[in-house]
file entry-v1.tsv (TSV, N, CA and C atoms)
chain	number	residue	atom	x	y	z
A	4	MET	N	-19.87	-13.97	5.64
A	4	MET	CA	-19.51	-14.51	6.92
A	4	MET	C	-18.30	-13.74	7.44
A	5	LYS	N	-18.39	-13.34	8.70
A	5	LYS	CA	-17.30	-12.59	9.31
A	5	LYS	C	-16.49	-13.53	10.18
A	6	LYS	N	-15.18	-13.43	10.08
A	6	LYS	CA	-14.30	-14.25	10.90
A	6	LYS	C	-13.30	-13.33	11.57
A	7	LYS	N	-12.99	-13.65	12.80
A	7	LYS	CA	-11.99	-12.89	13.53
A	7	LYS	C	-10.89	-13.86	13.93
A	8	LEU	N	-9.72	-13.73	13.34
A	8	LEU	CA	-8.65	-14.68	13.60
A	8	LEU	C	-7.95	-14.40	14.93
A	9	LEU	N	-7.65	-13.17	15.20
A	9	LEU	CA	-7.00	-12.80	16.45
A	9	LEU	C	-7.67	-11.55	16.98
A	10	GLY	N	-8.11	-11.58	18.23
A	10	GLY	CA	-8.68	-10.39	18.83
A	10	GLY	C	-7.57	-9.40	19.14
A	11	LEU	N	-7.93	-8.11	19.14
A	11	LEU	CA	-6.91	-7.10	19.40
A	11	LEU	C	-6.38	-7.19	20.82
A	12	GLY	N	-7.19	-7.71	21.75
A	12	GLY	CA	-6.75	-7.83	23.12
A	12	GLY	C	-6.29	-9.24	23.45
A	13	ALA	N	-6.00	-10.04	22.45
A	13	ALA	CA	-5.63	-11.44	22.67
A	13	ALA	C	-4.31	-11.53	23.42
A	14	THR	N	-4.23	-12.52	24.30
A	14	THR	CA	-3.01	-12.79	25.03
A	14	THR	C	-2.14	-13.70	24.19
A	15	LEU	N	-0.87	-13.42	24.15
A	15	LEU	CA	0.07	-14.24	23.38
A	15	LEU	C	0.26	-15.57	24.09
A	16	THR	N	-0.03	-16.65	23.39
A	16	THR	CA	0.12	-17.99	23.95
A	16	THR	C	1.12	-18.76	23.11
A	17	LEU	N	1.43	-19.96	23.55
A	17	LEU	CA	2.37	-20.81	22.81
A	17	LEU	C	1.85	-21.03	21.40
A	18	ALA	N	0.55	-21.26	21.24
A	18	ALA	CA	-0.02	-21.49	19.91
A	18	ALA	C	0.17	-20.27	19.01
A	19	SER	N	-0.03	-19.07	19.56
A	19	SER	CA	0.15	-17.89	18.73
A	19	SER	C	1.63	-17.64	18.44
A	20	CYS	N	2.52	-18.09	19.32
A	20	CYS	CA	3.95	-17.98	19.03
A	20	CYS	C	4.30	-18.83	17.83
A	21	VAL	N	3.75	-20.04	17.77
A	21	VAL	CA	3.98	-20.92	16.63
A	21	VAL	C	3.44	-20.25	15.38
A	22	CYS	N	2.28	-19.62	15.50
A	22	CYS	CA	1.67	-18.93	14.36
A	22	CYS	C	2.57	-17.79	13.89
A	23	LEU	N	3.13	-17.04	14.82
A	23	LEU	CA	4.02	-15.94	14.46
A	23	LEU	C	5.22	-16.44	13.67
A	24	ILE	N	5.79	-17.53	14.11
A	24	ILE	CA	6.95	-18.09	13.43
A	24	ILE	C	6.55	-18.58	12.04
A	25	ALA	N	5.36	-19.17	11.93
A	25	ALA	CA	4.89	-19.68	10.64
A	25	ALA	C	4.73	-18.55	9.63
A	26	PHE	N	4.37	-17.37	10.09
A	26	PHE	CA	4.21	-16.23	9.19
A	26	PHE	C	5.50	-15.45	9.02
A	27	GLY	N	6.58	-15.92	9.56
A	27	GLY	CA	7.86	-15.26	9.40
A	27	GLY	C	8.03	-14.05	10.29
A	28	GLN	N	7.22	-13.95	11.33
A	28	GLN	CA	7.34	-12.83	12.25
A	28	GLN	C	8.21	-13.27	13.41
A	29	SER	N	8.92	-12.33	13.98
A	29	SER	CA	9.87	-12.73	15.00
A	29	SER	C	9.56	-12.18	16.38
A	30	SER	N	8.53	-11.36	16.53
A	30	SER	CA	8.29	-10.78	17.85
A	30	SER	C	6.83	-10.41	18.02
A	31	VAL	N	6.48	-10.13	19.28
A	31	VAL	CA	5.14	-9.66	19.59
A	31	VAL	C	4.91	-8.31	18.92
A	32	LYS	N	5.95	-7.50	18.81
A	32	LYS	CA	5.85	-6.19	18.16
A	32	LYS	C	5.41	-6.37	16.70
A	33	ASP	N	5.98	-7.34	15.99
A	33	ASP	CA	5.56	-7.61	14.62
A	33	ASP	C	4.09	-7.99	14.58
A	34	SER	N	3.67	-8.81	15.52
A	34	SER	CA	2.28	-9.24	15.56
A	34	SER	C	1.36	-8.05	15.76
A	35	ALA	N	1.69	-7.17	16.67
A	35	ALA	CA	0.88	-5.98	16.92
A	35	ALA	C	0.82	-5.09	15.68
A	36	LYS	N	1.93	-4.99	14.97
A	36	LYS	CA	1.98	-4.18	13.76
A	36	LYS	C	1.05	-4.76	12.70
A	37	ILE	N	1.08	-6.07	12.54
A	37	ILE	CA	0.23	-6.72	11.53
A	37	ILE	C	-1.24	-6.58	11.91
A	38	LEU	N	-1.54	-6.75	13.19
A	38	LEU	CA	-2.93	-6.56	13.64
A	38	LEU	C	-3.40	-5.14	13.34
A	39	ALA	N	-2.54	-4.17	13.56
A	39	ALA	CA	-2.89	-2.77	13.28
A	39	ALA	C	-3.10	-2.55	11.79
A	40	MET	N	-2.29	-3.18	10.97
A	40	MET	CA	-2.45	-3.05	9.51
A	40	MET	C	-3.78	-3.66	9.06
A	41	ARG	N	-4.13	-4.81	9.62
A	41	ARG	CA	-5.41	-5.45	9.29
A	41	ARG	C	-6.57	-4.55	9.69
A	42	LYS	N	-6.47	-4.01	10.90
A	42	LYS	CA	-7.52	-3.12	11.40
A	42	LYS	C	-7.67	-1.90	10.49
A	43	GLN	N	-6.55	-1.33	10.06
A	43	GLN	CA	-6.60	-0.17	9.17
A	43	GLN	C	-7.21	-0.52	7.82
A	44	ALA	N	-6.86	-1.67	7.28
A	44	ALA	CA	-7.44	-2.10	6.00
A	44	ALA	C	-8.96	-2.23	6.13
A	45	ASP	N	-9.43	-2.80	7.23
A	45	ASP	CA	-10.87	-2.93	7.45
A	45	ASP	C	-11.53	-1.55	7.63
A	46	LYS	N	-10.86	-0.64	8.34
A	46	LYS	CA	-11.41	0.71	8.51
A	46	LYS	C	-11.50	1.45	7.18
A	47	ASN	N	-10.49	1.27	6.33
A	47	ASN	CA	-10.52	1.90	5.01
A	47	ASN	C	-11.67	1.34	4.17
A	48	ALA	N	-11.89	0.03	4.25
A	48	ALA	CA	-12.99	-0.59	3.52
A	48	ALA	C	-14.33	-0.08	4.05
A	49	MET	N	-14.42	0.13	5.35
A	49	MET	CA	-15.65	0.66	5.92
A	49	MET	C	-15.91	2.09	5.42
A	50	ALA	N	-14.85	2.89	5.30
A	50	ALA	CA	-15.00	4.24	4.76
A	50	ALA	C	-15.50	4.18	3.32
A	51	LEU	N	-14.95	3.27	2.53
A	51	LEU	CA	-15.40	3.09	1.15
A	51	LEU	C	-16.85	2.64	1.13
A	52	ALA	N	-17.22	1.71	2.00
A	52	ALA	CA	-18.60	1.22	2.07
A	52	ALA	C	-19.57	2.35	2.41
A	53	THR	N	-19.15	3.25	3.28
A	53	THR	CA	-19.99	4.39	3.65
A	53	THR	C	-20.24	5.29	2.45
A	54	VAL	N	-19.22	5.54	1.67
A	54	VAL	CA	-19.35	6.35	0.46
A	54	VAL	C	-20.22	5.64	-0.57
A	55	VAL	N	-20.02	4.33	-0.74
A	55	VAL	CA	-20.81	3.53	-1.67
A	55	VAL	C	-22.28	3.59	-1.27
A	56	GLN	N	-22.56	3.45	0.02
A	56	GLN	CA	-23.94	3.48	0.50
A	56	GLN	C	-24.58	4.85	0.23
A	57	GLY	N	-23.85	5.91	0.51
A	57	GLY	CA	-24.39	7.25	0.28
A	57	GLY	C	-24.74	7.49	-1.18
A	58	ARG	N	-23.87	7.08	-2.06
A	58	ARG	CA	-24.12	7.26	-3.49
A	58	ARG	C	-25.29	6.39	-3.95
A	59	ALA	N	-25.40	5.17	-3.40
A	59	ALA	CA	-26.50	4.28	-3.77
A	59	ALA	C	-27.84	4.84	-3.32
A	60	VAL	N	-27.88	5.40	-2.14
A	60	VAL	CA	-29.13	6.01	-1.65
A	60	VAL	C	-29.53	7.16	-2.56
A	61	ALA	N	-28.55	7.98	-2.94
A	61	ALA	CA	-28.84	9.13	-3.81
A	61	ALA	C	-29.29	8.69	-5.21
A	62	ASN	N	-28.71	7.59	-5.74
A	62	ASN	CA	-28.99	7.16	-7.11
A	62	ASN	C	-30.03	6.05	-7.21
A	63	GLY	N	-30.40	5.45	-6.09
A	63	GLY	CA	-31.38	4.39	-6.10
A	63	GLY	C	-30.83	3.01	-6.46
A	64	LYS	N	-29.51	2.90	-6.62
A	64	LYS	CA	-28.89	1.61	-6.90
A	64	LYS	C	-27.38	1.71	-6.70
A	65	TYR	N	-26.77	0.53	-6.50
A	65	TYR	CA	-25.32	0.45	-6.38
A	65	TYR	C	-24.70	0.33	-7.76
A	66	ASP	N	-23.52	0.86	-7.90
A	66	ASP	CA	-22.74	0.62	-9.12
A	66	ASP	C	-21.31	0.36	-8.69
A	67	ASN	N	-20.58	-0.36	-9.52
A	67	ASN	CA	-19.20	-0.70	-9.15
A	67	ASN	C	-18.18	0.09	-9.96
A	68	ASN	N	-18.54	1.30	-10.34
A	68	ASN	CA	-17.61	2.20	-11.01
A	68	ASN	C	-16.73	2.83	-9.93
A	69	MET	N	-15.64	2.15	-9.62
A	69	MET	CA	-14.78	2.57	-8.52
A	69	MET	C	-14.21	3.98	-8.70
A	70	GLY	N	-14.10	4.44	-9.93
A	70	GLY	CA	-13.57	5.77	-10.18
A	70	GLY	C	-14.44	6.87	-9.60
A	71	LEU	N	-15.73	6.62	-9.45
A	71	LEU	CA	-16.64	7.64	-8.92
A	71	LEU	C	-16.44	7.91	-7.43
A	72	TYR	N	-15.96	6.91	-6.72
A	72	TYR	CA	-15.91	7.02	-5.26
A	72	TYR	C	-14.67	7.74	-4.75
A	73	ALA	N	-13.63	7.84	-5.53
A	73	ALA	CA	-12.39	8.49	-5.08
A	73	ALA	C	-12.65	9.93	-4.66
A	74	LYS	N	-13.45	10.64	-5.43
A	74	LYS	CA	-13.74	12.05	-5.12
A	74	LYS	C	-14.37	12.17	-3.74
A	75	ASP	N	-15.29	11.26	-3.43
A	75	ASP	CA	-15.97	11.30	-2.13
A	75	ASP	C	-15.05	10.92	-0.98
A	76	LEU	N	-13.91	10.31	-1.29
A	76	LEU	CA	-12.94	9.93	-0.27
A	76	LEU	C	-11.78	10.93	-0.19
A	77	GLY	N	-12.02	12.15	-0.64
A	77	GLY	CA	-10.99	13.18	-0.58
A	77	GLY	C	-10.09	13.23	-1.80
A	78	GLY	N	-10.51	12.60	-2.89
A	78	GLY	CA	-9.76	12.67	-4.14
A	78	GLY	C	-8.97	11.43	-4.48
A	79	LYS	N	-8.78	10.54	-3.52
A	79	LYS	CA	-8.05	9.31	-3.82
A	79	LYS	C	-8.43	8.24	-2.80
A	80	TYR	N	-8.18	7.00	-3.17
A	80	TYR	CA	-8.45	5.89	-2.27
A	80	TYR	C	-7.33	5.78	-1.25
A	81	PRO	N	-7.66	5.40	-0.01
A	81	PRO	CA	-6.60	5.19	0.97
A	81	PRO	C	-5.81	3.92	0.61
A	82	VAL	N	-4.55	3.92	0.92
A	82	VAL	CA	-3.71	2.74	0.66
A	82	VAL	C	-4.13	1.63	1.62
A	83	ASN	N	-4.35	0.46	1.07
A	83	ASN	CA	-4.61	-0.72	1.89
A	83	ASN	C	-3.24	-1.21	2.36
A	84	PRO	N	-2.95	-1.14	3.66
A	84	PRO	CA	-1.61	-1.52	4.12
A	84	PRO	C	-1.29	-3.00	3.91
A	85	CYS	N	-2.30	-3.82	3.71
A	85	CYS	CA	-2.06	-5.25	3.51
A	85	CYS	C	-1.68	-5.57	2.07
A	86	THR	N	-2.05	-4.70	1.13
A	86	THR	CA	-1.64	-4.89	-0.26
A	86	THR	C	-0.58	-3.88	-0.66
A	87	GLY	N	-0.52	-2.76	0.06
A	87	GLY	CA	0.43	-1.70	-0.26
A	87	GLY	C	-0.02	-0.83	-1.42
A	88	THR	N	-1.31	-0.94	-1.80
A	88	THR	CA	-1.82	-0.17	-2.93
A	88	THR	C	-3.17	0.46	-2.59
A	89	PRO	N	-3.53	1.53	-3.30
A	89	PRO	CA	-4.86	2.11	-3.11
A	89	PRO	C	-5.95	1.34	-3.86
A	90	THR	N	-5.58	0.33	-4.61
A	90	THR	CA	-6.57	-0.47	-5.34
A	90	THR	C	-6.84	-1.79	-4.62
A	91	GLY	N	-6.49	-1.89	-3.37
A	91	GLY	CA	-6.60	-3.13	-2.62
A	91	GLY	C	-7.96	-3.35	-1.98
A	92	TYR	N	-9.04	-3.08	-2.73
A	92	TYR	CA	-10.40	-3.25	-2.22
A	92	TYR	C	-11.24	-3.93	-3.29
A	93	THR	N	-12.27	-4.65	-2.85
A	93	THR	CA	-13.18	-5.28	-3.79
A	93	THR	C	-14.59	-4.78	-3.52
A	94	MET	N	-15.37	-4.75	-4.58
A	94	MET	CA	-16.77	-4.40	-4.46
A	94	MET	C	-17.55	-5.22	-5.47
A	95	THR	N	-18.56	-5.92	-5.01
A	95	THR	CA	-19.43	-6.65	-5.91
A	95	THR	C	-20.84	-6.09	-5.77
A	96	VAL	N	-21.53	-6.02	-6.87
A	96	VAL	CA	-22.91	-5.52	-6.91
A	96	VAL	C	-23.78	-6.65	-7.42
A	97	SER	N	-24.93	-6.86	-6.78
A	97	SER	CA	-25.84	-7.91	-7.21
A	97	SER	C	-27.28	-7.46	-7.02
A	98	GLY	N	-28.21	-8.33	-7.39
A	98	GLY	CA	-29.62	-8.03	-7.21
A	98	GLY	C	-30.08	-6.82	-7.99
A	99	ASN	N	-29.64	-6.70	-9.26
A	99	ASN	CA	-30.01	-5.55	-10.09
A	99	ASN	C	-29.65	-4.22	-9.44
A	100	GLY	N	-28.50	-4.21	-8.78
A	100	GLY	CA	-28.01	-2.97	-8.16
A	100	GLY	C	-28.60	-2.69	-6.80
A	101	LYS	N	-29.28	-3.65	-6.19
A	101	LYS	CA	-29.92	-3.44	-4.89
A	101	LYS	C	-29.08	-3.91	-3.71
A	102	SER	N	-27.95	-4.59	-3.97
A	102	SER	CA	-27.07	-4.99	-2.87
A	102	SER	C	-25.61	-4.95	-3.33
A	103	SER	N	-24.75	-4.82	-2.36
A	103	SER	CA	-23.32	-4.72	-2.65
A	103	SER	C	-22.53	-5.24	-1.46
A	104	VAL	N	-21.33	-5.74	-1.74
A	104	VAL	CA	-20.40	-6.17	-0.69
A	104	VAL	C	-19.07	-5.46	-0.95
A	105	VAL	N	-18.55	-4.80	0.08
A	105	VAL	CA	-17.28	-4.09	-0.01
A	105	VAL	C	-16.33	-4.69	1.02
A	106	ALA	N	-15.08	-4.91	0.62
A	106	ALA	CA	-14.07	-5.47	1.53
A	106	ALA	C	-12.68	-5.07	1.08
A	107	ALA	N	-11.76	-5.08	2.04
A	107	ALA	CA	-10.34	-4.92	1.72
A	107	ALA	C	-9.84	-6.26	1.19
A	108	MET	N	-8.83	-6.23	0.34
A	108	MET	CA	-8.17	-7.45	-0.09
A	108	MET	C	-7.18	-7.86	1.00
A	109	ALA	N	-6.98	-9.16	1.18
A	109	ALA	CA	-6.10	-9.66	2.24
A	109	ALA	C	-4.64	-9.29	2.00
A	110	GLY	N	-4.20	-9.29	0.75
A	110	GLY	CA	-2.82	-8.93	0.43
A	110	GLY	C	-1.80	-9.90	1.01
A	111	LYS	N	-0.54	-9.56	0.82
A	111	LYS	CA	0.57	-10.40	1.30
A	111	LYS	C	1.27	-9.81	2.51
A	112	ASN	N	0.99	-8.55	2.83
A	112	ASN	CA	1.73	-7.88	3.91
A	112	ASN	C	1.20	-8.19	5.31
A	113	CYS	N	0.04	-8.82	5.41
A	113	CYS	CA	-0.61	-9.01	6.71
A	113	CYS	C	-0.78	-10.46	7.11
A	114	GLY	N	-0.05	-11.37	6.47
A	114	GLY	CA	-0.21	-12.77	6.80
A	114	GLY	C	-1.55	-13.29	6.31
A	115	LYS	N	-1.90	-14.48	6.78
A	115	LYS	CA	-3.16	-15.09	6.37
A	115	LYS	C	-4.28	-14.58	7.28
A	116	TRP	N	-5.30	-13.96	6.67
A	116	TRP	CA	-6.42	-13.44	7.44
A	116	TRP	C	-7.61	-13.25	6.51
A	117	THR	N	-8.77	-13.03	7.09
A	117	THR	CA	-9.99	-12.80	6.32
A	117	THR	C	-10.51	-11.41	6.65
A	118	PRO	N	-10.44	-10.48	5.70
A	118	PRO	CA	-10.95	-9.13	5.95
A	118	PRO	C	-12.46	-9.13	6.20
A	119	LYS	N	-12.93	-8.12	6.92
A	119	LYS	CA	-14.37	-7.95	7.14
A	119	LYS	C	-15.03	-7.63	5.81
A	120	GLU	N	-16.24	-8.12	5.66
A	120	GLU	CA	-17.06	-7.78	4.50
A	120	GLU	C	-18.18	-6.86	4.97
A	121	TYR	N	-18.40	-5.80	4.23
A	121	TYR	CA	-19.47	-4.86	4.54
A	121	TYR	C	-20.59	-5.10	3.53
A	122	HIS	N	-21.68	-5.71	4.02
A	122	HIS	CA	-22.83	-6.06	3.18
A	122	HIS	C	-23.80	-4.90	3.20
A	123	LEU	N	-24.08	-4.36	2.04
A	123	LEU	CA	-24.95	-3.19	1.90
A	123	LEU	C	-26.20	-3.58	1.13
A	124	LYS	N	-27.34	-2.98	1.48
A	124	LYS	CA	-28.57	-3.33	0.80
A	124	LYS	C	-29.50	-2.13	0.77
A	125	LEU	N	-30.12	-1.91	-0.38
A	125	LEU	CA	-31.16	-0.90	-0.51
A	125	LEU	C	-32.52	-1.58	-0.35
A	126	LYS	N	-33.45	-0.85	0.20
A	126	LYS	CA	-34.81	-1.41	0.35
A	126	LYS	C	-35.68	-0.97	-0.80
call {"tool": "encode", "arguments": {"input": "entry-v1.tsv", "output": "structure tokens"}}
result
Amino acid sequence: MKKKLLGLGATLTLASCVCLIAFGQSSVKDSAKILAMRKQADKNAMALATVVQGRAVANGKYDNNMGLYAKDLGGKYPVNPCTGTPTGYTMTVSGNGKSSVVAAMAGKNCGKWTPKEYHLKLK
């Protein structure tokens, strides 16, 4: 299930001001920075999902050996800005290797949010 907590073009309202204060943020600039970090974490997860899909098509199944994918991403995983680490991603494989879900971890740097999940499936 995909959830979008705040749209990138969202207008700042009184409710979102309360939310900013609840997350310890003090300005609209902080909010924009956090939204950008969330967006980057999702983009990084999408890049990983693309590599995972390519390898699965070539091999006929998904595997969760994360060490194999770093080479396809230029030699290392991108840092997830919400966790501050290059290991801030999850991948689950199911259906005897015929499906997989890839996502960024929410981390502590981006407040409370739900990262996008990239659901992959082989036919």
call {"tool": "atom_distance", "arguments": {"input": "entry-v1.tsv", "atom1": "atom C of A:Trp116", "atom2": "atom N of A:Arg41"}}
result
9.6 Å
call {"tool": "closest_residue", "arguments": {"input": "entry-v1.tsv", "among": "A:Gly63, A:Gly70, A:Pro84, A:Gly110", "to": "A:Lys36", "atoms": "only C-alpha atoms"}}
result
A:Pro84
call {"tool": "closest_residue", "arguments": {"input": "entry-v1.tsv", "among": "A:Thr86, A:Ser103, A:Asn112, A:Asn68", "to": "A:Gln56", "atoms": "only C-alpha atoms"}}
result
A:Ser103
call {"tool": "residues_around", "arguments": {"input": "entry-v1.tsv", "residues": "stretch 43-52 of chain A", "least_positions_apart": "6", "cutoff": "6 Å", "atoms": "only N, CA and C atoms", "output": "number ranges by chain"}}
result
A: 83-85, 105-107, 119
call {"tool": "write_last_selection", "arguments": {"input": "entry-v1.tsv", "atoms": "N, CA and C atoms", "output": "mmCIF file, in the coordinates of the input"}}
result
data_model
loop_
_atom_site.group_PDB
_atom_site.id
_atom_site.type_symbol
_atom_site.label_atom_id
_atom_site.label_comp_id
_atom_site.auth_asym_id
_atom_site.auth_seq_id
_atom_site.Cartn_x
_atom_site.Cartn_y
_atom_site.Cartn_z
ATOM 1 N N ASN A 83 -4.350 0.460 1.070
ATOM 2 C CA ASN A 83 -4.610 -0.720 1.890
ATOM 3 C C ASN A 83 -3.240 -1.210 2.360
ATOM 4 N N PRO A 84 -2.950 -1.140 3.660
ATOM 5 C CA PRO A 84 -1.610 -1.520 4.120
ATOM 6 C C PRO A 84 -1.290 -3.000 3.910
ATOM 7 N N CYS A 85 -2.300 -3.820 3.710
ATOM 8 C CA CYS A 85 -2.060 -5.250 3.510
ATOM 9 C C CYS A 85 -1.680 -5.570 2.070
ATOM 10 N N VAL A 105 -18.550 -4.800 0.080
ATOM 11 C CA VAL A 105 -17.280 -4.090 -0.010
ATOM 12 C C VAL A 105 -16.330 -4.690 1.020
ATOM 13 N N ALA A 106 -15.080 -4.910 0.620
ATOM 14 C CA ALA A 106 -14.070 -5.470 1.530
ATOM 15 C C ALA A 106 -12.680 -5.070 1.080
ATOM 16 N N ALA A 107 -11.760 -5.080 2.040
ATOM 17 C CA ALA A 107 -10.340 -4.920 1.720
ATOM 18 C C ALA A 107 -9.840 -6.260 1.190
ATOM 19 N N LYS A 119 -12.930 -8.120 6.920
ATOM 20 C CA LYS A 119 -14.370 -7.950 7.140
ATOM 21 C C LYS A 119 -15.030 -7.630 5.810
#
call {"tool": "atom_distance", "arguments": {"input": "entry-v1.tsv", "atom1": "atom CA of A:Arg58", "atom2": "atom CA of A:Gly77"}}
result
14.7 Å
call {"tool": "residues_around", "arguments": {"input": "entry-v1.tsv", "residues": "A:Val54", "least_positions_apart": "6", "cutoff": "8 Å", "atoms": "only C-alpha atoms", "output": "PyMOL selection string"}}
result
chain A and resi 72+75-76
call {"tool": "closest_residue", "arguments": {"input": "entry-v1.tsv", "among": "A:Cys113, A:Val82, A:Ile37, A:Leu123", "to": "A:Tyr65", "atoms": "only C-alpha atoms"}}
result
A:Leu123
call {"tool": "select_by_dssp", "arguments": {"input": "entry-v1.tsv", "residues": "stretch 67-108 of chain A", "states": "strand (DSSP E)", "output": "PyMOL selection string"}}
result
chain A and resi 92-97+102-107
call {"tool": "closest_residue", "arguments": {"input": "entry-v1.tsv", "among": "A:Thr95, A:Ser34, A:Thr53, A:Thr88", "to": "A:Asn67", "atoms": "only N, CA and C atoms"}}
result
A:Thr95
call {"tool": "residues_near_point", "arguments": {"input": "entry-v1.tsv", "point": "(-31.6, -2.4, -1.4)", "cutoff": "10 Å", "atoms": "only C-alpha atoms", "output": "compact mmCIF listing (two decimals) with N, CA and C atoms, in the coordinates of the input"}}
result
# COMPACT_ATOMS: atom_id res chain seq x y z
N GLN A 56 -22.56 3.45 0.02
CA GLN A 56 -23.94 3.48 0.50
C GLN A 56 -24.58 4.85 0.23
N ALA A 59 -25.40 5.17 -3.40
CA ALA A 59 -26.50 4.28 -3.77
C ALA A 59 -27.84 4.84 -3.32
N VAL A 60 -27.88 5.40 -2.14
CA VAL A 60 -29.13 6.01 -1.65
C VAL A 60 -29.53 7.16 -2.56
N GLY A 63 -30.40 5.45 -6.09
CA GLY A 63 -31.38 4.39 -6.10
C GLY A 63 -30.83 3.01 -6.46
N LYS A 64 -29.51 2.90 -6.62
CA LYS A 64 -28.89 1.61 -6.90
C LYS A 64 -27.38 1.71 -6.70
N TYR A 65 -26.77 0.53 -6.50
CA TYR A 65 -25.32 0.45 -6.38
C TYR A 65 -24.70 0.33 -7.76
N SER A 97 -24.93 -6.86 -6.78
CA SER A 97 -25.84 -7.91 -7.21
C SER A 97 -27.28 -7.46 -7.02
N GLY A 98 -28.21 -8.33 -7.39
CA GLY A 98 -29.62 -8.03 -7.21
C GLY A 98 -30.08 -6.82 -7.99
N ASN A 99 -29.64 -6.70 -9.26
CA ASN A 99 -30.01 -5.55 -10.09
C ASN A 99 -29.65 -4.22 -9.44
N GLY A 100 -28.50 -4.21 -8.78
CA GLY A 100 -28.01 -2.97 -8.16
C GLY A 100 -28.60 -2.69 -6.80
N LYS A 101 -29.28 -3.65 -6.19
CA LYS A 101 -29.92 -3.44 -4.89
C LYS A 101 -29.08 -3.91 -3.71
N SER A 102 -27.95 -4.59 -3.97
CA SER A 102 -27.07 -4.99 -2.87
C SER A 102 -25.61 -4.95 -3.33
N SER A 103 -24.75 -4.82 -2.36
CA SER A 103 -23.32 -4.72 -2.65
C SER A 103 -22.53 -5.24 -1.46
N LEU A 123 -24.08 -4.36 2.04
CA LEU A 123 -24.95 -3.19 1.90
C LEU A 123 -26.20 -3.58 1.13
N LYS A 124 -27.34 -2.98 1.48
CA LYS A 124 -28.57 -3.33 0.80
C LYS A 124 -29.50 -2.13 0.77
N LEU A 125 -30.12 -1.91 -0.38
CA LEU A 125 -31.16 -0.90 -0.51
C LEU A 125 -32.52 -1.58 -0.35
N LYS A 126 -33.45 -0.85 0.20
CA LYS A 126 -34.81 -1.41 0.35
C LYS A 126 -35.68 -0.97 -0.80
call {"tool": "closest_residue", "arguments": {"input": "entry-v1.tsv", "among": "A:Thr93, A:Ala35, A:Gly87, A:Ala73", "to": "A:Lys111", "atoms": "only C-alpha atoms"}}
result
A:Gly87
call {"tool": "atom_distance", "arguments": {"input": "entry-v1.tsv", "atom1": "atom N of A:Gly114", "atom2": "atom CA of A:Lys79"}}
result
24.4 Å
